[in-house]
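Step one of this worksheet: look at the structure below.
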Amino acid sequence: KKLPTVADLRALKGRRQLTMMKFFSLDEAAAAEAAGIDIASVPADVLFHPEYRTMAPTIFSMAGQTITEKIMARNSGRDSTSPGELVWADINSIMTMDYLGKSTFNLFDKLGAKELFNRDKVICVSDHLVPPPTEAFANLLNEWRAEVKKHNVTYFYDFGKQGIAHQIMVEDGHVLPGTISVGTDSHANTYGALGAVGNAVSVTDAAVAMATGKLWFRVPETVKFHITGELSLIHI
């Protein structure tokens, strides 16, 4: 097949074609193939051509969406979303832990909320300060436990049944494909491995989600990585 040139790409502007800057489902790839668009053979000199990179966001409208865009749409009552849009989305689960949990519950109380939006969806884990390294942290753990008990949280992973919070979230079914889960820790984005949207949030955002079951998000852009050559096997 003839590889597309920058001129060819310019000629496609305004048509409903699959953008080469997105990820594809098998159905979308098949549709592109049927239309004669070889999405796998765009040469690097075209893909990274300055003129193409300037045009790329506007040349195509995408027949499909990335999995993140689909999840954002599904959980905000929309048919579709696009990068840069703000959405008010349903939250499947919220994780907070000993180190920031008390602050999260304090902010929740300041919102005037009477109870958690769903006590089965707020997951509390003691994993950063166990065992406590200082007397101050030991006291903080006791205050944290009191907050969890006060708010009648169903799933509290404390001494004897705790583990790394993010492992607990995925292994115990608190993260589900096609949903959005958040946590007050930067590694919450690992929930994406299960086909979910995972996002790290501040204690303020977590408190709002605990009260309402919702949060606002900006739909993210997608980055596609091109790897050339062969990957070497690592022997351990």
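Each chain in the structure tokens gets a letter, A, B, ..., in the order shown, and its residues are numbered from 1; ligands are numbered from 1 in order too.
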
**Surrounding residues of A:Thr81 excluding itself and chain neighbours under 5 positions, 12 Å, only C-alpha atoms, as a list in words** =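 Near A:Thr81, the qualifying residues are Met62, Gly64, Gln65, Thr66, Ile67, Thr68, Glu69, Lys70, Ile71, Met72, Ala73, Arg74, Asn75, Ser76, Leu86, Val87, Trp88, Ala89, Phe217, Arg218, Val219, Pro220 and Glu221 of chain A.
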
**Which of stretch 44-176 of chain A DSSP labels helix (DSSP H, G or I), written as a PyMOL selection string** = chain A and resi 44-47+50-59+67-74+98-110+135-150+165-171

For the selection just defined, write its residues with C-alpha atoms to a file, as a CSV table (one decimal), in the first residue's frame.
```csv
chain,number,residue,atom,x,y,z
A,44,ALA,CA,8.0,8.1,11.4
A,45,ASP,CA,9.1,11.0,9.1
A,46,VAL,CA,5.4,11.7,8.5
A,47,LEU,CA,4.2,11.1,12.0
A,50,PRO,CA,6.3,19.4,12.2
A,51,GLU,CA,3.4,20.2,9.9
A,52,TYR,CA,1.6,17.0,10.7
A,53,ARG,CA,2.0,17.5,14.4
A,54,THR,CA,0.5,20.9,14.1
A,55,MET,CA,-2.5,19.5,12.2
A,56,ALA,CA,-3.0,16.3,14.0
A,57,PRO,CA,-5.5,17.5,16.7
A,58,THR,CA,-7.8,18.8,14.0
A,59,ILE,CA,-7.3,16.6,10.9
A,67,ILE,CA,-10.9,3.4,26.8
A,68,THR,CA,-10.4,6.4,29.2
A,69,GLU,CA,-12.7,8.5,27.1
A,70,LYS,CA,-15.3,5.8,27.1
A,71,ILE,CA,-15.1,5.3,30.8
A,72,MET,CA,-15.4,9.0,31.5
A,73,ALA,CA,-18.4,9.2,29.2
A,74,ARG,CA,-20.1,6.1,30.7
A,98,ASP,CA,-3.7,5.9,57.8
A,99,TYR,CA,-1.3,8.7,56.8
A,100,LEU,CA,-4.0,11.0,55.2
A,101,GLY,CA,-7.2,9.4,56.4
A,102,LYS,CA,-7.9,11.5,59.4
A,103,SER,CA,-7.4,14.7,57.4
A,104,THR,CA,-9.8,13.3,54.8
A,105,PHE,CA,-12.5,12.5,57.3
A,106,ASN,CA,-12.0,15.9,59.0
A,107,LEU,CA,-12.7,17.7,55.7
A,108,PHE,CA,-15.7,15.3,55.1
A,109,ASP,CA,-17.2,16.5,58.4
A,110,LYS,CA,-16.6,20.2,57.5
A,135,GLU,CA,4.6,7.8,69.5
A,136,ALA,CA,3.1,10.6,67.5
A,137,PHE,CA,2.3,8.3,64.7
A,138,ALA,CA,0.9,5.7,67.1
A,139,ASN,CA,-1.5,8.3,68.4
A,140,LEU,CA,-2.4,9.3,64.8
A,141,LEU,CA,-3.3,5.7,64.1
A,142,ASN,CA,-5.6,5.6,67.1
A,143,GLU,CA,-7.3,8.8,66.0
A,144,TRP,CA,-7.6,7.3,62.5
A,145,ARG,CA,-9.3,4.2,63.8
A,146,ALA,CA,-11.8,6.3,65.8
A,147,GLU,CA,-12.7,8.2,62.6
A,148,VAL,CA,-13.2,4.9,60.6
A,149,LYS,CA,-15.4,3.5,63.4
A,150,LYS,CA,-17.4,6.8,63.7
A,165,ALA,CA,-3.5,-0.3,49.8
A,166,HIS,CA,-3.4,-0.5,46.0
A,167,GLN,CA,-3.0,-4.3,46.0
A,168,ILE,CA,-6.0,-4.6,48.4
A,169,MET,CA,-8.0,-2.4,46.1
A,170,VAL,CA,-7.5,-4.6,43.0
A,171,GLU,CA,-7.3,-8.0,44.7
```

**Neighbour list for stretch 114-123 of chain A as JSON, numbers by chain, cut-off 8 Å, only C-alpha atoms, skip fewer than 6 positions in-chain** = {"A": [92, 93, 94, 95, 96, 151, 152, 153, 154, 155, 156, 169, 174, 210, 211, 212, 213]}

**Best match for closeness to A:Pro132 among A:His226, A:Gly112, A:Lys214, A:Phe159, counting only C-alpha atoms** =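 Of A:His226, A:Gly112, A:Lys214, A:Phe159, the one nearest A:Pro132 is A:Phe159, counting only C-alpha atoms.
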
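In terms of minimum interatomic distance to A:Tyr157, A:Ser126 ranks closest within A:Ser232, A:Ser126, A:Ser202, A:Thr222, counting only C-alpha atoms.
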
**Asked** Of the residues A:Ile234, A:Ser186, A:Pro131, A:Gly77, which is the one nearest to A:Gly163, using only C-alpha atoms?
**Response**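 Answer, going by the shortest atom-to-atom distance: A:Pro131.
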
**Prompt:** Do you have the atom CA of A:Gly198-atom CA of A:Asp158 distance handy?
**Reply:**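 Atom CA of A:Gly198 sits 22.8 Å away from atom CA of A:Asp158.
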